[in-house]
Amino acid sequence: MIEGLKINLAESDFEYLRQAALHANGDGEWERELSLFNTVSSIDLLLKARLAKKHWSQVFADPNRATPEHLKQGDVLSVDFASTIKRLKDEAGVTLDPYDERTIPLLWYHRNRIQYCGLNVQRPAILSLIVYGLDFAVNFARSELSDIMDDRRQAVVQDVAAQISGYHDILADRWDSVVRDMEFAFRRDDVADCPCCLHETLIVYDEEDPDANPRCLFCEFSDSPCEIASEIAWPRRPRDCPYCGRPTLVYMGEATKALEWLCFACGQSYDPNELLNSMTVVYGPEECPECGERYLVLEFMANDDWAWGEWRCLSCDRIGEHQRCDRCGHMRAIGPDGICLSCSDASVEGDTS
Ligand SMILES: [Zn+2]
Ligand SMILES: [Zn+2]
Ligand SMILES: [Zn+2]
Ligand SMILES: [Zn+2]
């Protein structure tokens with residue numbers, strides 16, 4: 001019975017995938033929006049189908065409290081995206097490309113903005129988002145779910161892949177007509193990935209027109225530096241730029257090859273060392289348990305009501321669930337006793353020997 005339910009989970013996502021691909025460039029705005037919604041749903045279900053392959057309880061927010069009855073009744077309080085990615089890594093041994101890990105949440109972000117805020121996304125941008133999502137879905141299905149794909153599902157994936165290549169042609173035409181002549185006018189460092197269409201065509205700072213908002217050559221998206229910085233940093237927060245002082249400094253990581261931190265107001269860029277040297281550090285730097293680099297610093301944040309401290313890494317920008325271990329003094333994930341796992345293991349070994 002559970003076996004059957006597992007397969008159903010994977011079956012419906014292939015139908016979402018087919019529908020998403022059919023309407024990605026439809027004439028009606030609602031058609032394209034529906035296609036984006038279906039793309040998001042199909043990725044969500046494909047990732048969960050992969051988790052369910054490990055164990056069906058993994059698609060529940062709390063696997064320990066999941067019962068076969070809950071699953072049969074569709075009473076699924078489903079695991080969120082961040083936890084899905086973490087479980088894929090920790091439980092199922094599936095690691096996503098860092099670019100995908102950063103980019104897939106943008107599909108959710110735009111879906112929510114369309115669905116709940118009534119905002120629309122320009123046609124070239126929504127097609128770019130859908131094509132990226134479908135590409136990811138097809139590759140993920142082929143690499144991670146081939147064992148549960150029967151002939152019918154294989155055929156859907158085949159059809160979708162063929163449609164994607166047609167959409168790539170449409171996007172390439174737009175690139176040729178809109179971007180090609182303009183891209184050489186801008187220095188490489190001034191360009192970042194656009195959060196709307198995902199092309200590396202967002203002009204961050206224009207020396208000719210320093211007060212202009214960042215704008216995308218490909219999809220014409222434009223917004224204030226603060227809005228764009230928050231959007232790109234999401235679900236993290238931008239930091240204050242040491243040069244211009246505005247809260248518009250964003251970790252770009254793997255998104256750009258040349259820089260690690262980029263300010264969307266003044267165009268200044270920093271590597272972790274430059275950033276460390278230009279800020280006042282309260283504690284640190286310590287070795288970051290996430291990336292291993294010695295760029296973990298304690299910062300104090302304040303709003304009108306209260307202030308709080310947060311350890312955040314200047315090299316990978318991850319805010320881990322770590323604190324200083326009472327015993328060894330390292331920054332680690334610590335238990336309720338205030339000491340880290342390796343210190344607890346060492347003391348257990350000490351007790352038994
Ligand atoms: Zn764009
Ligand atoms: Zn700045
Ligand atoms: Zn780090
Ligand atoms: Zn320790």
# chains A, B, ... in the order shown; residues from 1 in each chain; ligands from 1
>>> closest_atom_pairs(of="stretch 97-122 of chain A", to="stretch 33-46 of chain A", cutoff="9 Å", atoms="only C-alpha atoms", output="tab-separated table")
residue	atom	partner	partner_atom	distance
A:Ile104	CA	A:Val40	CA	8.6
A:Leu107	CA	A:Val40	CA	6.5
A:Trp108	CA	A:Val40	CA	6.6
A:His110	CA	A:Leu36	CA	8.7
A:Arg111	CA	A:Phe37	CA	6.2
A:Ile114	CA	A:Glu33	CA	7.6
A:Gln115	CA	A:Glu33	CA	8.7
A:Asn120	CA	A:Glu33	CA	8.5
A:Val121	CA	A:Glu33	CA	8.6
>>> write_last_selection(atoms="N, CA and C atoms", output="mmCIF file, in the first residue's frame")
data_model
loop_
_atom_site.group_PDB
_atom_site.id
_atom_site.type_symbol
_atom_site.label_atom_id
_atom_site.label_comp_id
_atom_site.auth_asym_id
_atom_site.auth_seq_id
_atom_site.Cartn_x
_atom_site.Cartn_y
_atom_site.Cartn_z
ATOM 1 N N ILE A 104 16.870 27.817 -7.260
ATOM 2 C CA ILE A 104 15.522 27.239 -7.166
ATOM 3 C C ILE A 104 14.612 28.053 -6.226
ATOM 4 N N LEU A 107 12.449 30.620 -7.860
ATOM 5 C CA LEU A 107 11.198 30.205 -8.526
ATOM 6 C C LEU A 107 10.038 30.311 -7.540
ATOM 7 N N TRP A 108 10.288 29.864 -6.308
ATOM 8 C CA TRP A 108 9.267 29.955 -5.250
ATOM 9 C C TRP A 108 8.931 31.424 -4.973
ATOM 10 N N HIS A 110 9.218 34.078 -6.916
ATOM 11 C CA HIS A 110 8.409 34.721 -7.956
ATOM 12 C C HIS A 110 6.999 34.139 -7.997
ATOM 13 N N ARG A 111 6.898 32.827 -7.766
ATOM 14 C CA ARG A 111 5.567 32.214 -7.712
ATOM 15 C C ARG A 111 4.729 32.911 -6.628
ATOM 16 N N ILE A 114 3.628 36.450 -7.576
ATOM 17 C CA ILE A 114 2.530 36.463 -8.560
ATOM 18 C C ILE A 114 1.228 36.029 -7.887
ATOM 19 N N GLN A 115 1.335 34.942 -7.098
ATOM 20 C CA GLN A 115 0.125 34.335 -6.551
ATOM 21 C C GLN A 115 -0.508 35.180 -5.441
ATOM 22 N N ASN A 120 3.130 41.084 -11.683
ATOM 23 C CA ASN A 120 3.446 40.279 -12.862
ATOM 24 C C ASN A 120 4.923 40.358 -13.221
ATOM 25 N N VAL A 121 5.360 39.329 -13.909
ATOM 26 C CA VAL A 121 6.766 39.218 -14.286
ATOM 27 C C VAL A 121 6.797 39.343 -15.804
#
>>> residues_near_ligand(ligand="ligand 2", cutoff="12 Å", atoms="only C-alpha atoms and all ligand atoms", output="PyMOL selection string")
chain A and resi 204-205+210+225-226+229+238-250+261-270+275
>>> atom_distance(atom1="atom CA of A:Asn112", atom2="atom CA of A:Asp62")
24.3 Å
>>> select_by_dssp(residues="stretch 207-297 of chain A", states="alpha helix (DSSP H)", output="list in words")
Pro225, Cys226, Glu227, Ile228, Ala229, Ser230, Glu231, Ile232, Ala233, Pro272, Asn273, Glu274, Leu275, Leu276 and Asn277 of chain A
>>> select_by_dssp(residues="stretch 253-285 of chain A", states="strand (DSSP E)", output="list in words")
Trp261, Leu262, Cys263, Ser269, Tyr270, Tyr283, Gly284 and Pro285 of chain A
>>> residues_near_ligand(ligand="ligand 4", cutoff="6 Å", atoms="only C-alpha atoms and all ligand atoms", output="list in words")
Cys325, Arg327, Cys328, His330, Ile339, Cys340, Ser342 and Cys343 of chain A
>>> residues_around(residues="A:Met252", least_positions_apart="5", cutoff="10 Å", atoms="only C-alpha atoms", output="short mmCIF file (atom, residue, chain, number, x, y, z; two decimals) with C-alpha atoms, in the first residue's frame")
data_model
loop_
_atom_site.label_atom_id
_atom_site.label_comp_id
_atom_site.auth_asym_id
_atom_site.auth_seq_id
_atom_site.Cartn_x
_atom_site.Cartn_y
_atom_site.Cartn_z
CA ARG A 102 20.60 29.32 -4.68
CA ALA A 192 25.37 40.38 -11.92
CA ASP A 193 22.80 37.62 -12.34
CA ILE A 232 19.01 38.41 -4.23
CA ALA A 233 20.10 37.82 -0.63
CA LYS A 257 33.20 34.34 -10.79
CA ALA A 258 35.10 37.49 -9.92
CA LEU A 259 33.58 38.81 -6.70
CA GLU A 260 32.19 37.52 -3.48
CA TRP A 261 30.43 40.57 -2.06
CA LEU A 262 28.80 43.20 -4.21
CA CYS A 263 27.04 46.44 -3.29
CA SER A 269 32.93 44.73 -4.49
CA CYS A 316 30.17 31.50 2.71
CA ASP A 317 27.54 33.81 4.30
#
>>> residues_around(residues="A:Asp147", least_positions_apart="4", cutoff="12 Å", atoms="only C-alpha atoms", output="list in words")
Ile7, Ala10, Ala49, Arg50, Lys53, Ala141, Arg142, Ser143, Asp151, Arg153 and Gln154 of chain A
>>> atom_distance(atom1="atom CA of A:Pro195", atom2="atom 1 (Zn, counted along the ligand's line) of ligand 1")
6.6 Å
>>> residues_around(residues="A:Gln122", least_positions_apart="6", cutoff="12 Å", atoms="only C-alpha atoms", output="list in words")
Asn25, Glu29, Arg32, Glu33, His110, Ile114, Ser128, Leu129, Cys196, Cys197, Cys216, Phe218, Cys219, Glu220, Phe221 and Ser222 of chain A
>>> write_last_selection(atoms="N, CA and C atoms", output="mmCIF file, in the first residue's frame")
data_model
loop_
_atom_site.group_PDB
_atom_site.id
_atom_site.type_symbol
_atom_site.label_atom_id
_atom_site.label_comp_id
_atom_site.auth_asym_id
_atom_site.auth_seq_id
_atom_site.Cartn_x
_atom_site.Cartn_y
_atom_site.Cartn_z
ATOM 1 N N ASN A 25 5.232 29.406 -22.949
ATOM 2 C CA ASN A 25 5.263 30.625 -23.768
ATOM 3 C C ASN A 25 3.882 30.922 -24.333
ATOM 4 N N GLU A 29 -1.350 35.796 -20.304
ATOM 5 C CA GLU A 29 -0.466 35.990 -19.154
ATOM 6 C C GLU A 29 -0.725 34.911 -18.106
ATOM 7 N N ARG A 32 1.033 31.604 -18.825
ATOM 8 C CA ARG A 32 2.455 31.548 -18.477
ATOM 9 C C ARG A 32 2.635 31.475 -16.961
ATOM 10 N N GLU A 33 1.758 32.204 -16.231
ATOM 11 C CA GLU A 33 1.854 32.142 -14.773
ATOM 12 C C GLU A 33 1.538 30.730 -14.258
ATOM 13 N N HIS A 110 9.218 34.078 -6.916
ATOM 14 C CA HIS A 110 8.409 34.721 -7.956
ATOM 15 C C HIS A 110 6.999 34.139 -7.997
ATOM 16 N N ILE A 114 3.628 36.450 -7.576
ATOM 17 C CA ILE A 114 2.530 36.463 -8.560
ATOM 18 C C ILE A 114 1.228 36.029 -7.887
ATOM 19 N N SER A 128 12.278 32.633 -19.034
ATOM 20 C CA SER A 128 13.617 32.230 -18.575
ATOM 21 C C SER A 128 13.527 31.406 -17.296
ATOM 22 N N LEU A 129 12.679 31.860 -16.356
ATOM 23 C CA LEU A 129 12.535 31.144 -15.083
ATOM 24 C C LEU A 129 11.999 29.731 -15.321
ATOM 25 N N CYS A 196 15.376 38.094 -11.744
ATOM 26 C CA CYS A 196 14.101 37.888 -12.418
ATOM 27 C C CYS A 196 14.239 36.892 -13.571
ATOM 28 N N CYS A 197 15.235 37.104 -14.456
ATOM 29 C CA CYS A 197 15.341 36.212 -15.624
ATOM 30 C C CYS A 197 16.554 35.288 -15.513
ATOM 31 N N CYS A 216 18.058 45.313 -15.722
ATOM 32 C CA CYS A 216 18.452 44.137 -16.502
ATOM 33 C C CYS A 216 18.312 44.411 -17.992
ATOM 34 N N PHE A 218 18.359 42.130 -20.295
ATOM 35 C CA PHE A 218 17.631 41.057 -20.987
ATOM 36 C C PHE A 218 16.124 41.157 -20.804
ATOM 37 N N CYS A 219 15.685 41.349 -19.542
ATOM 38 C CA CYS A 219 14.230 41.290 -19.302
ATOM 39 C C CYS A 219 13.652 42.643 -18.890
ATOM 40 N N GLU A 220 14.498 43.668 -18.819
ATOM 41 C CA GLU A 220 14.079 45.030 -18.493
ATOM 42 C C GLU A 220 13.631 45.228 -17.055
ATOM 43 N N PHE A 221 13.843 44.243 -16.214
ATOM 44 C CA PHE A 221 13.523 44.376 -14.797
ATOM 45 C C PHE A 221 14.395 45.462 -14.169
ATOM 46 N N SER A 222 13.789 46.254 -13.278
ATOM 47 C CA SER A 222 14.543 47.277 -12.566
ATOM 48 C C SER A 222 13.867 47.544 -11.227
#
>>> residues_near_ligand(ligand="ligand 3", cutoff="12 Å", atoms="only C-alpha atoms and all ligand atoms", output="ChimeraX atom specification")
/A:251,253,272,285-297,311-320,322,331
>>> atom_distance(atom1="atom CA of A:Trp306", atom2="atom CA of A:Ser83")
29.0 Å
>>> residues_around(residues="A:Pro336", least_positions_apart="6", cutoff="12 Å", atoms="only C-alpha atoms", output="MDAnalysis selection string")
chainID A and resid 323 325:326 344
>>> write_last_selection(atoms="C-alpha atoms", output="short mmCIF file (atom, residue, chain, number, x, y, z; two decimals), in the first residue's frame")
data_model
loop_
_atom_site.label_atom_id
_atom_site.label_comp_id
_atom_site.auth_asym_id
_atom_site.auth_seq_id
_atom_site.Cartn_x
_atom_site.Cartn_y
_atom_site.Cartn_z
CA GLN A 323 27.56 28.48 19.18
CA CYS A 325 31.41 25.09 22.78
CA ASP A 326 31.87 25.47 26.54
CA SER A 344 30.45 14.80 24.23
#
>>> residues_around(residues="stretch 86-96 of chain A", least_positions_apart="6", cutoff="9 Å", atoms="only C-alpha atoms", output="list of chain:residue names")
A:Leu47, A:Lys48, A:Arg50, A:Leu51, A:Lys53, A:Lys54, A:Gln58, A:Glu144
>>> closest_residue(among="A:Pro214, A:Pro63, A:Gly166, A:Pro105", to="ligand 1", atoms="only C-alpha atoms and all ligand atoms")
A:Pro214
